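Below is final-v8.txt, which holds compact mmCIF, C-alpha atoms (C1' of nucleotides).
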# COMPACT_ATOMS: atom_id res chain seq x y z
CA MET K 948 37.78 3.82 17.71
CA GLN K 949 34.24 5.19 17.55
CA PHE K 950 32.29 3.55 14.76
CA GLU K 951 29.56 6.16 15.19
CA ASP K 952 31.85 8.90 13.94
CA THR K 953 32.48 7.31 10.56
CA ALA K 954 30.62 8.21 7.41
CA ALA K 955 30.25 4.49 6.70
CA TYR K 956 28.31 4.05 9.94
CA LEU K 957 26.17 7.14 9.50
CA LEU K 958 25.36 6.24 5.93
CA ALA K 959 24.24 2.77 6.98
CA LYS K 960 22.13 4.21 9.77
CA ALA K 961 20.41 6.72 7.51
CA THR K 962 19.88 3.90 5.04
CA VAL K 963 17.87 1.77 7.45
CA LEU K 964 15.40 4.56 8.12
CA HIS K 965 15.23 5.53 4.46
CA LYS K 966 14.51 1.98 3.37
CA ASN K 967 11.50 1.85 5.65
CA ALA K 968 10.20 5.09 4.19
CA ILE K 969 10.60 3.81 0.64
CA GLN K 970 8.75 0.63 1.56
CA LYS K 971 5.88 2.63 2.97
CA TYR K 972 5.44 4.86 -0.07
CA ALA K 973 6.01 2.04 -2.55
CA ASN K 974 3.32 -0.04 -0.86
CA SER K 975 0.91 2.88 -1.05
CA VAL K 976 0.92 2.58 -4.85
CA GLY K 977 0.86 -1.23 -4.99
CA LEU K 978 4.58 -1.81 -5.46
CA HIS K 979 7.23 -3.43 -3.28
CA SER K 980 10.33 -1.51 -2.37
CA GLY K 981 12.66 -3.38 -4.67
CA GLN K 982 10.36 -3.09 -7.63
CA VAL K 983 10.32 0.69 -7.85
CA PHE K 984 13.89 1.03 -9.06
CA VAL K 985 13.41 -1.54 -11.79
CA MET K 986 10.29 0.28 -12.87
CA MET K 987 12.15 3.59 -12.95
CA GLU K 988 14.67 2.09 -15.35
CA LEU K 989 11.92 0.76 -17.57
CA TRP K 990 10.24 4.15 -17.60
CA LYS K 991 13.50 5.56 -18.88
CA VAL K 992 14.11 2.81 -21.45
CA ASP K 993 11.42 0.23 -22.14
CA GLY K 994 12.22 -3.23 -23.51
CA GLN K 995 15.57 -3.78 -21.84
CA ARG K 996 17.19 -7.15 -21.28
CA GLN K 997 17.41 -8.43 -17.70
CA ILE K 998 21.17 -8.29 -17.68
CA ASP K 999 21.12 -4.64 -18.72
CA LEU K 1000 18.46 -3.81 -16.15
CA ALA K 1001 20.60 -5.45 -13.48
CA ALA K 1002 23.59 -3.34 -14.45
CA ARG K 1003 21.56 -0.13 -14.44
CA VAL K 1004 20.17 -0.66 -10.95
CA ASN K 1005 23.41 -2.11 -9.56
CA LEU K 1006 21.81 -5.42 -8.59
CA SER K 1007 22.74 -9.00 -9.38
CA PRO K 1008 20.92 -10.78 -12.22
CA PRO K 1009 19.24 -13.28 -9.85
CA THR K 1010 17.88 -10.44 -7.75
CA VAL K 1011 16.43 -8.70 -10.79
CA ASN K 1012 15.00 -12.00 -11.94
CA LYS K 1013 13.19 -12.41 -8.63
CA ILE K 1014 11.89 -8.84 -8.65
CA LEU K 1015 10.64 -9.26 -12.22
CA GLY K 1016 8.78 -12.38 -11.12
CA GLY K 1017 6.69 -10.24 -8.82
CA LEU K 1018 6.17 -7.56 -11.45
CA LEU K 1019 5.07 -10.20 -13.97
CA GLU K 1020 2.60 -11.74 -11.53
CA ASN K 1021 1.07 -8.38 -10.88
CA ASP K 1022 0.89 -7.44 -14.53
CA PHE K 1023 3.23 -4.47 -14.43
CA VAL K 1024 5.53 -5.90 -17.10
CA THR K 1025 5.66 -8.65 -19.73
CA ARG K 1026 8.46 -10.73 -21.09
CA ALA K 1027 9.21 -11.09 -24.79
CA ARG K 1028 11.87 -12.99 -26.66
CA TYR K 1029 14.82 -11.02 -27.91
CA GLU K 1030 14.63 -11.21 -31.69
CA ASP K 1031 18.24 -12.02 -32.48
CA ASP K 1032 19.39 -13.95 -29.42
CA ALA K 1033 17.51 -16.84 -27.83
CA ARG K 1034 19.46 -16.40 -24.60
CA SER K 1035 17.96 -13.03 -23.79
CA THR K 1036 14.50 -11.75 -23.11
CA ARG K 1037 13.18 -8.23 -23.26
CA ILE K 1038 11.09 -6.73 -20.49
CA PHE K 1039 8.24 -4.43 -21.54
CA LEU K 1040 5.90 -2.28 -19.50
CA THR K 1041 2.21 -3.13 -19.61
CA PRO K 1042 -0.37 -0.31 -19.66
CA LYS K 1043 -0.71 -0.86 -15.92
CA GLY K 1044 3.03 -0.53 -15.59
CA VAL K 1045 3.03 2.72 -17.52
CA GLN K 1046 0.15 4.09 -15.55
CA VAL K 1047 1.50 3.46 -12.06
CA ARG K 1048 4.26 5.96 -12.72
CA GLU K 1049 2.01 8.89 -12.01
CA ALA K 1050 0.97 7.51 -8.61
CA LEU K 1051 4.57 6.82 -7.68
CA GLU K 1052 5.61 10.32 -8.67
CA GLN K 1053 3.07 11.75 -6.26
CA ALA K 1054 4.21 9.42 -3.49
CA TRP K 1055 7.84 10.20 -4.27
CA ILE K 1056 7.26 13.89 -3.74
CA GLU K 1057 6.00 13.15 -0.24
CA LEU K 1058 8.91 10.82 0.36
CA GLU K 1059 11.33 13.54 -0.70
CA GLU K 1060 9.74 16.00 1.70
CA GLN K 1061 9.93 13.51 4.54
CA THR K 1062 13.53 12.67 3.72
CA LEU K 1063 14.70 16.26 3.56
CA GLY K 1064 12.35 17.51 6.26
CA SER K 1065 15.03 18.62 8.67
CA LEU K 1066 17.34 20.14 6.06
CA THR K 1067 17.47 23.60 4.54
CA ASP K 1068 17.41 24.01 0.77
CA THR K 1069 21.12 24.63 0.73
CA GLU K 1070 21.80 21.52 2.78
CA ALA K 1071 19.54 19.46 0.54
CA LEU K 1072 21.47 20.59 -2.50
CA MET K 1073 24.78 19.77 -0.88
CA LEU K 1074 23.53 16.36 0.14
CA LYS K 1075 22.47 15.53 -3.39
CA GLN K 1076 25.81 16.60 -4.80
CA LEU K 1077 27.70 14.57 -2.22
CA LEU K 1078 25.56 11.47 -2.79
CA GLU K 1079 26.15 11.74 -6.51
CA LYS K 1080 29.87 11.76 -5.87
CA LEU K 1081 29.53 8.67 -3.67
CA CYS K 1082 27.82 6.78 -6.46
CA LEU K 1083 30.70 7.13 -8.92
CA MET U 482 9.40 14.34 -13.00
CA GLN U 483 12.94 13.04 -12.84
CA PHE U 484 13.33 10.54 -10.04
CA GLU U 485 17.09 10.68 -10.47
CA ASP U 486 17.19 14.27 -9.27
CA THR U 487 15.69 13.52 -5.88
CA ALA U 488 17.68 13.00 -2.73
CA ALA U 489 15.48 9.98 -1.97
CA TYR U 490 16.63 8.31 -5.20
CA LEU U 491 20.28 9.20 -4.77
CA LEU U 492 20.29 8.02 -1.17
CA ALA U 493 18.79 4.69 -2.20
CA LYS U 494 21.36 4.33 -4.97
CA ALA U 495 24.24 5.05 -2.62
CA THR U 496 22.71 2.52 -0.23
CA VAL U 497 22.95 -0.33 -2.68
CA LEU U 498 26.62 0.23 -3.30
CA HIS U 499 27.41 0.85 0.35
CA LYS U 500 25.63 -2.30 1.46
CA ASN U 501 27.82 -4.39 -0.82
CA ALA U 502 30.93 -2.78 0.62
CA ILE U 503 29.80 -3.44 4.19
CA GLN U 504 29.10 -7.05 3.30
CA LYS U 505 32.57 -7.46 1.88
CA TYR U 506 34.38 -6.06 4.89
CA ALA U 507 32.09 -7.76 7.41
CA ASN U 508 32.73 -11.11 5.76
CA SER U 509 36.47 -10.52 5.93
CA VAL U 510 36.29 -10.69 9.73
CA GLY U 511 33.81 -13.57 9.92
CA LEU U 512 30.63 -11.54 10.37
CA HIS U 513 27.57 -11.05 8.20
CA SER U 514 26.51 -7.56 7.25
CA GLY U 515 23.53 -7.38 9.55
CA GLN U 516 25.48 -8.65 12.53
CA VAL U 517 27.99 -5.83 12.71
CA PHE U 518 25.55 -3.19 13.90
CA VAL U 519 24.22 -5.40 16.67
CA MET U 520 27.78 -6.10 17.74
CA MET U 521 28.56 -2.38 17.76
CA GLU U 522 25.69 -1.81 20.17
CA LEU U 523 26.87 -4.59 22.42
CA TRP U 524 30.38 -3.16 22.41
CA LYS U 525 28.87 0.06 23.67
CA VAL U 526 26.60 -1.57 26.26
CA ASP U 527 26.91 -5.28 27.00
CA GLY U 528 24.03 -7.32 28.41
CA GLN U 529 21.14 -5.54 26.71
CA ARG U 530 17.70 -7.00 26.20
CA GLN U 531 16.68 -7.84 22.63
CA ILE U 532 13.95 -5.25 22.59
CA ASP U 533 16.40 -2.53 23.57
CA LEU U 534 18.93 -3.71 21.02
CA ALA U 535 16.24 -3.56 18.36
CA ALA U 536 15.40 0.01 19.28
CA ARG U 537 19.04 1.07 19.24
CA VAL U 538 19.72 -0.29 15.77
CA ASN U 539 16.34 0.74 14.37
CA LEU U 540 15.34 -2.79 13.44
CA SER U 541 12.29 -4.86 14.27
CA PRO U 542 12.50 -7.37 17.15
CA PRO U 543 12.08 -10.38 14.82
CA THR U 544 14.98 -9.16 12.69
CA VAL U 545 17.22 -8.79 15.71
CA ASN U 546 16.11 -12.20 16.91
CA LYS U 547 17.19 -13.75 13.63
CA ILE U 548 20.51 -11.93 13.61
CA LEU U 549 21.19 -13.04 17.20
CA GLY U 550 20.52 -16.61 16.14
CA GLY U 551 23.50 -16.43 13.82
CA LEU U 552 25.67 -14.72 16.42
CA LEU U 553 24.76 -17.41 18.98
CA GLU U 554 25.57 -20.23 16.57
CA ASN U 555 28.95 -18.72 15.88
CA ASP U 556 29.70 -18.09 19.52
CA PHE U 557 29.94 -14.31 19.37
CA VAL U 558 27.26 -13.84 22.04
CA THR U 559 25.36 -15.78 24.70
CA ARG U 560 21.87 -15.47 26.07
CA ALA U 561 21.11 -15.21 29.78
CA ARG U 562 17.85 -14.89 31.65
CA TYR U 563 16.97 -11.46 32.85
CA GLU U 564 16.99 -11.69 36.65
CA ASP U 565 13.77 -9.90 37.45
CA ASP U 566 11.61 -10.56 34.40
CA ALA U 567 11.05 -13.96 32.83
CA ARG U 568 9.88 -12.34 29.58
CA SER U 569 13.25 -10.85 28.75
CA THR U 570 16.69 -12.21 28.06
CA ARG U 571 20.01 -10.45 28.23
CA ILE U 572 22.55 -10.74 25.43
CA PHE U 573 26.21 -10.89 26.46
CA LEU U 574 29.39 -10.85 24.42
CA THR U 575 31.60 -13.93 24.54
CA PRO U 576 35.39 -13.52 24.58
CA LYS U 577 35.27 -14.21 20.85
CA GLY U 578 32.68 -11.49 20.51
CA VAL U 579 34.84 -9.02 22.38
CA GLN U 580 37.90 -9.94 20.41
CA VAL U 581 36.46 -9.56 16.93
CA ARG U 582 36.04 -5.84 17.54
CA GLU U 583 39.67 -5.14 16.80
CA ALA U 584 39.52 -6.91 13.45
CA LEU U 585 36.36 -5.06 12.49
CA GLU U 586 37.90 -1.74 13.43
CA GLN U 587 40.73 -2.37 11.02
CA ALA U 588 38.33 -3.40 8.28
CA TRP U 589 36.13 -0.41 9.03
CA ILE U 590 38.99 1.97 8.44
CA GLU U 591 39.44 0.53 4.96
CA LEU U 592 35.71 0.71 4.38
CA GLU U 593 35.71 4.35 5.40
CA GLU U 594 38.51 5.10 2.97
CA GLN U 595 36.70 3.33 0.16
CA THR U 596 33.45 5.11 0.99
CA LEU U 597 34.95 8.57 1.07
CA GLY U 598 37.50 7.88 -1.62
CA SER U 599 36.26 10.47 -4.08
CA LEU U 600 35.55 13.17 -1.51
CA THR U 601 37.75 15.87 -0.05
CA ASP U 602 38.08 16.20 3.71
CA THR U 603 35.71 19.13 3.73
CA GLU U 604 33.14 17.22 1.73
CA ALA U 605 33.47 14.22 4.02
CA LEU U 606 32.81 16.38 7.04
CA MET U 607 29.78 17.95 5.41
CA LEU U 608 28.45 14.55 4.44
CA LYS U 609 28.71 13.28 7.99
CA GLN U 610 26.91 16.31 9.37
CA LEU U 611 24.15 16.00 6.81
CA LEU U 612 23.69 12.27 7.45
CA GLU U 613 23.44 12.93 11.17
CA LYS U 614 20.67 15.39 10.50
CA LEU U 615 18.86 12.82 8.36
CA CYS U 616 18.89 10.34 11.21
CA LEU U 617 16.95 12.59 13.59
C1' DC A 787 32.33 -28.65 -38.83
C1' DT A 788 33.51 -29.32 -34.22
C1' DT A 789 34.87 -27.74 -30.14
C1' DT A 790 35.52 -24.47 -26.85
C1' DG A 791 34.38 -20.49 -24.29
C1' DA A 792 31.50 -16.59 -23.14
C1' DA A 793 26.92 -14.77 -22.28
C1' DT A 794 22.00 -15.01 -20.48
C1' DA A 795 18.58 -16.63 -17.69
C1' DT A 796 17.31 -19.38 -14.11
C1' DT A 797 17.41 -22.30 -9.73
C1' DA A 798 18.89 -23.28 -5.05
C1' DG A 799 20.14 -21.74 -0.79
C1' DC A 800 21.71 -18.40 2.39
C1' DC A 801 21.22 -13.89 5.24
C1' DG A 802 18.62 -9.55 6.30
C1' DG A 803 14.52 -6.85 6.48
C1' DC A 804 9.40 -6.56 7.41
C1' DT A 805 4.35 -7.62 9.36
C1' DA A 806 1.18 -10.59 11.61
C1' DA A 807 0.23 -14.01 14.81
C1' DT A 808 1.52 -16.99 19.22
C1' DG A 809 2.65 -17.84 23.83
C1' DG A 810 4.21 -16.70 28.14
C1' DT A 811 4.96 -13.32 31.79
C1' DA A 812 4.21 -9.02 34.54
C1' DG A 813 1.44 -5.82 36.45
C1' DC A 814 -2.53 -3.33 37.31
C1' DT A 815 -7.59 -3.18 38.32
C1' DT A 816 -11.35 -4.84 40.20
C1' DA P 408 -7.80 -13.82 43.76
C1' DA P 409 -9.27 -13.05 38.88
C1' DG P 410 -8.96 -11.01 34.78
C1' DC P 411 -7.48 -7.54 31.58
C1' DT P 412 -3.77 -5.37 29.38
C1' DA P 413 0.74 -4.53 28.10
C1' DC P 414 5.26 -6.35 27.14
C1' DC P 415 8.87 -9.57 25.37
C1' DA P 416 10.46 -13.28 22.65
C1' DT P 417 9.54 -16.18 19.05
C1' DT P 418 7.52 -18.33 14.78
C1' DA P 419 5.71 -18.18 10.10
C1' DG P 420 5.79 -16.25 5.84
C1' DC P 421 6.79 -12.74 2.64
C1' DC P 422 10.14 -9.71 -0.24
C1' DG P 423 14.97 -8.21 -1.33
C1' DG P 424 19.82 -8.90 -1.55
C1' DC P 425 23.83 -12.09 -2.49
C1' DT P 426 26.90 -16.27 -4.41
C1' DA P 427 27.29 -20.64 -6.61
C1' DA P 428 25.76 -23.84 -9.81
C1' DT P 429 22.83 -25.28 -14.27
C1' DA P 430 21.13 -25.18 -18.86
C1' DT P 431 20.83 -23.07 -23.03
C1' DT P 432 22.56 -20.50 -26.70
C1' DC P 433 25.85 -17.81 -29.34
C1' DA P 434 30.23 -16.97 -31.34
C1' DA P 435 34.69 -17.67 -32.41
C1' DA P 436 38.69 -20.62 -33.16
C1' DG P 437 40.74 -24.65 -34.77

Target encoding structure tokens, full file:
Amino acid sequence: MQFEDTAAYLLAKATVLHKNAIQKYANSVGLHSGQVFVMMELWKVDGQRQIDLAARVNLSPPTVNKILGGLLENDFVTRARYEDDARSTRIFLTPKGVQVREALEQAWIELEEQTLGSLTDTEALMLKQLLEKLCL
Amino acid sequence: MQFEDTAAYLLAKATVLHKNAIQKYANSVGLHSGQVFVMMELWKVDGQRQIDLAARVNLSPPTVNKILGGLLENDFVTRARYEDDARSTRIFLTPKGVQVREALEQAWIELEEQTLGSLTDTEALMLKQLLEKLCL
DNA sequence: CTTTGAATATTAGCCGGCTAATGGTAGCTT
DNA sequence: AAGCTACCATTAGCCGGCTAATATTCAAAG
């Protein structure tokens, strides 16, 4: 059997390279690679609980907790008690957290170009549709 | 801008899910997720230097060093001095390391099915071709 | 009202990735 | 022969992922 011929292998290989690219562009705006996806969720819906954030980004609660630690230290988000349930906390964007979105958007455009550099527009569209199917 | 519409975002999202799947199937044969790709390279070419292994799997030398530490502890590989250069070492498969390939191949078939589960054969083929292009 | 069970956050500890810094070796230049 | 430079492995230390285990709180059932 040739592992290299499987989609599972190719996907993992593309992943390694892509992760490095994300890290590079995330760092350029003062974020770490894992933090950007949490921020994206907060930009969609601010004030979420950690458990809901974890579900949205498909990560475990401890992982999100660790990532939020870094975001808190760097003043991108704040924690607040959930009004009706002492078990939960809500995570809110700070002004700095709101503002960094614009910088990341610019960086993300470059990342997208680098990622799709060798593909035609048609291929890029197909890739996106196929990846969406994979995520179901 | 909608991050969710970019290939860079979708690829990262698929990555998270795929990594979990790899971990699951790797564990089922006694390997950790990072170890499988190093093993695959050794199955292709046994006795490589660490620096060459690192280049082949697109990882940094320290990462490969750490991964090899685990493989050494669990007796999947051995280290040997490189004959002509005291800086380098060669990594060789043990019998156990050779043998585990068959188990991983079986697991990999299941992984492939799970990965491509929602895709048609045509879509799977397209996906593989697109991922290969991404890796260039 | 008490007890039991589920939910939320957190901690500990592991592996997997990176960069930067060390130390030793090889090889080339002088 | 000496010294500079490049190369290879390794260490330290960080972030990002996971599971398992804790502590607290809520809710529901008896």

Quick one: which chain K residues come within 9 Å of chain U, and what is the nearest atom pair for each with the distance in Å to one decimal, counting only C-alpha atoms, rows ordered by chain and ascending number, as JSON lines?
{"residue": "K:Met948", "atom": "CA", "partner": "U:Glu586", "partner_atom": "CA", "distance": 7.0}
{"residue": "K:Gln949", "atom": "CA", "partner": "U:Glu586", "partner_atom": "CA", "distance": 8.9}
{"residue": "K:Phe950", "atom": "CA", "partner": "U:Met521", "partner_atom": "CA", "distance": 7.6}
{"residue": "K:Glu951", "atom": "CA", "partner": "U:Met521", "partner_atom": "CA", "distance": 9.0}
{"residue": "K:Asp952", "atom": "CA", "partner": "U:Lys609", "partner_atom": "CA", "distance": 8.0}
{"residue": "K:Thr953", "atom": "CA", "partner": "U:Glu593", "partner_atom": "CA", "distance": 6.8}
{"residue": "K:Ala954", "atom": "CA", "partner": "U:Lys609", "partner_atom": "CA", "distance": 5.4}
{"residue": "K:Ala955", "atom": "CA", "partner": "U:Glu593", "partner_atom": "CA", "distance": 5.6}
{"residue": "K:Tyr956", "atom": "CA", "partner": "U:Glu593", "partner_atom": "CA", "distance": 8.7}
{"residue": "K:Leu957", "atom": "CA", "partner": "U:Leu612", "partner_atom": "CA", "distance": 6.1}
{"residue": "K:Leu958", "atom": "CA", "partner": "U:Leu612", "partner_atom": "CA", "distance": 6.4}
{"residue": "K:Ala959", "atom": "CA", "partner": "U:Thr496", "partner_atom": "CA", "distance": 7.4}
{"residue": "K:Lys960", "atom": "CA", "partner": "U:Cys616", "partner_atom": "CA", "distance": 7.1}
{"residue": "K:Ala961", "atom": "CA", "partner": "U:Cys616", "partner_atom": "CA", "distance": 5.4}
{"residue": "K:Thr962", "atom": "CA", "partner": "U:Thr496", "partner_atom": "CA", "distance": 6.1}
{"residue": "K:Val963", "atom": "CA", "partner": "U:Asn539", "partner_atom": "CA", "distance": 7.2}
{"residue": "K:Leu964", "atom": "CA", "partner": "U:Asn539", "partner_atom": "CA", "distance": 7.4}
{"residue": "K:His965", "atom": "CA", "partner": "U:Ala493", "partner_atom": "CA", "distance": 7.6}
{"residue": "K:Lys966", "atom": "CA", "partner": "U:Ala493", "partner_atom": "CA", "distance": 7.5}
{"residue": "K:Ile969", "atom": "CA", "partner": "U:Ala489", "partner_atom": "CA", "distance": 8.3}
{"residue": "K:Phe984", "atom": "CA", "partner": "U:Tyr490", "partner_atom": "CA", "distance": 8.7}
{"residue": "K:Met987", "atom": "CA", "partner": "U:Phe484", "partner_atom": "CA", "distance": 7.6}
{"residue": "K:Val1004", "atom": "CA", "partner": "U:Lys494", "partner_atom": "CA", "distance": 7.9}
{"residue": "K:Asn1005", "atom": "CA", "partner": "U:Val497", "partner_atom": "CA", "distance": 7.1}
{"residue": "K:Leu1006", "atom": "CA", "partner": "U:Val497", "partner_atom": "CA", "distance": 7.9}
{"residue": "K:Glu1052", "atom": "CA", "partner": "U:Met482", "partner_atom": "CA", "distance": 7.0}
{"residue": "K:Trp1055", "atom": "CA", "partner": "U:Phe484", "partner_atom": "CA", "distance": 8.0}
{"residue": "K:Ile1056", "atom": "CA", "partner": "U:Thr487", "partner_atom": "CA", "distance": 8.7}
{"residue": "K:Leu1058", "atom": "CA", "partner": "U:Ala489", "partner_atom": "CA", "distance": 7.0}
{"residue": "K:Glu1059", "atom": "CA", "partner": "U:Ala489", "partner_atom": "CA", "distance": 5.6}
{"residue": "K:Thr1062", "atom": "CA", "partner": "U:Ala489", "partner_atom": "CA", "distance": 6.6}
{"residue": "K:Leu1063", "atom": "CA", "partner": "U:Leu615", "partner_atom": "CA", "distance": 7.2}
{"residue": "K:Gly1064", "atom": "CA", "partner": "U:Leu615", "partner_atom": "CA", "distance": 8.3}
{"residue": "K:Ser1065", "atom": "CA", "partner": "U:Lys614", "partner_atom": "CA", "distance": 6.8}
{"residue": "K:Leu1066", "atom": "CA", "partner": "U:Lys614", "partner_atom": "CA", "distance": 7.3}
{"residue": "K:Glu1070", "atom": "CA", "partner": "U:Leu611", "partner_atom": "CA", "distance": 7.2}
{"residue": "K:Ala1071", "atom": "CA", "partner": "U:Ala488", "partner_atom": "CA", "distance": 7.5}
{"residue": "K:Leu1072", "atom": "CA", "partner": "U:Ala488", "partner_atom": "CA", "distance": 8.5}
{"residue": "K:Met1073", "atom": "CA", "partner": "U:Met607", "partner_atom": "CA", "distance": 8.2}
{"residue": "K:Leu1074", "atom": "CA", "partner": "U:Leu611", "partner_atom": "CA", "distance": 6.7}
{"residue": "K:Lys1075", "atom": "CA", "partner": "U:Ala488", "partner_atom": "CA", "distance": 5.5}
{"residue": "K:Leu1077", "atom": "CA", "partner": "U:Leu608", "partner_atom": "CA", "distance": 6.7}
{"residue": "K:Leu1078", "atom": "CA", "partner": "U:Leu491", "partner_atom": "CA", "distance": 6.1}
{"residue": "K:Glu1079", "atom": "CA", "partner": "U:Leu491", "partner_atom": "CA", "distance": 6.6}
{"residue": "K:Lys1080", "atom": "CA", "partner": "U:Ser599", "partner_atom": "CA", "distance": 6.8}
{"residue": "K:Leu1081", "atom": "CA", "partner": "U:Ala495", "partner_atom": "CA", "distance": 6.5}
{"residue": "K:Cys1082", "atom": "CA", "partner": "U:Ala495", "partner_atom": "CA", "distance": 5.5}
{"residue": "K:Leu1083", "atom": "CA", "partner": "U:Ser599", "partner_atom": "CA", "distance": 8.1}

Open item on the list: Taking only C-alpha atoms (C1' of nucleotides) into account and nothing else, which residues of chain P lie no more than 8 Å away from chain K? Please answer as an NGL selection string.
Closed with: :P and (422-425 or 431-433)

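Residue-level contact on chain A: within 7 Å of chain U, counting all atoms listed in the file, the set is A:DG802, A:DG803, A:DT811.
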
Task: Pick from U:Val519, U:Leu549, U:Ala536, U:Ala507 nearest to Thr570 in chain U, counting all atoms listed in the file - done: U:Leu549

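The coordinates place CA of Ile532 in chain U at 18.0 Å from C1' of DA807 in chain A.
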
Open item on the list: Using only C-alpha atoms (C1' of nucleotides) for the distances, tell me which of A:DT789, A:DT808, A:DT797, A:DT816 is nearest to DA419 in chain P.
Closed with: A:DT808

Task: Residue list as a ChimeraX atom specification for point (4.9, -16.6, -22.6), cut-off 12 Å, all atoms listed in the file - done: /K:1019,1025-1028,1036-1038

Open item on the list: Quick check, in Å to one decimal: how far apart do C1' of DA428 in chain P and C1' of DG791 in chain A lie?
Closed with: 17.2 Å
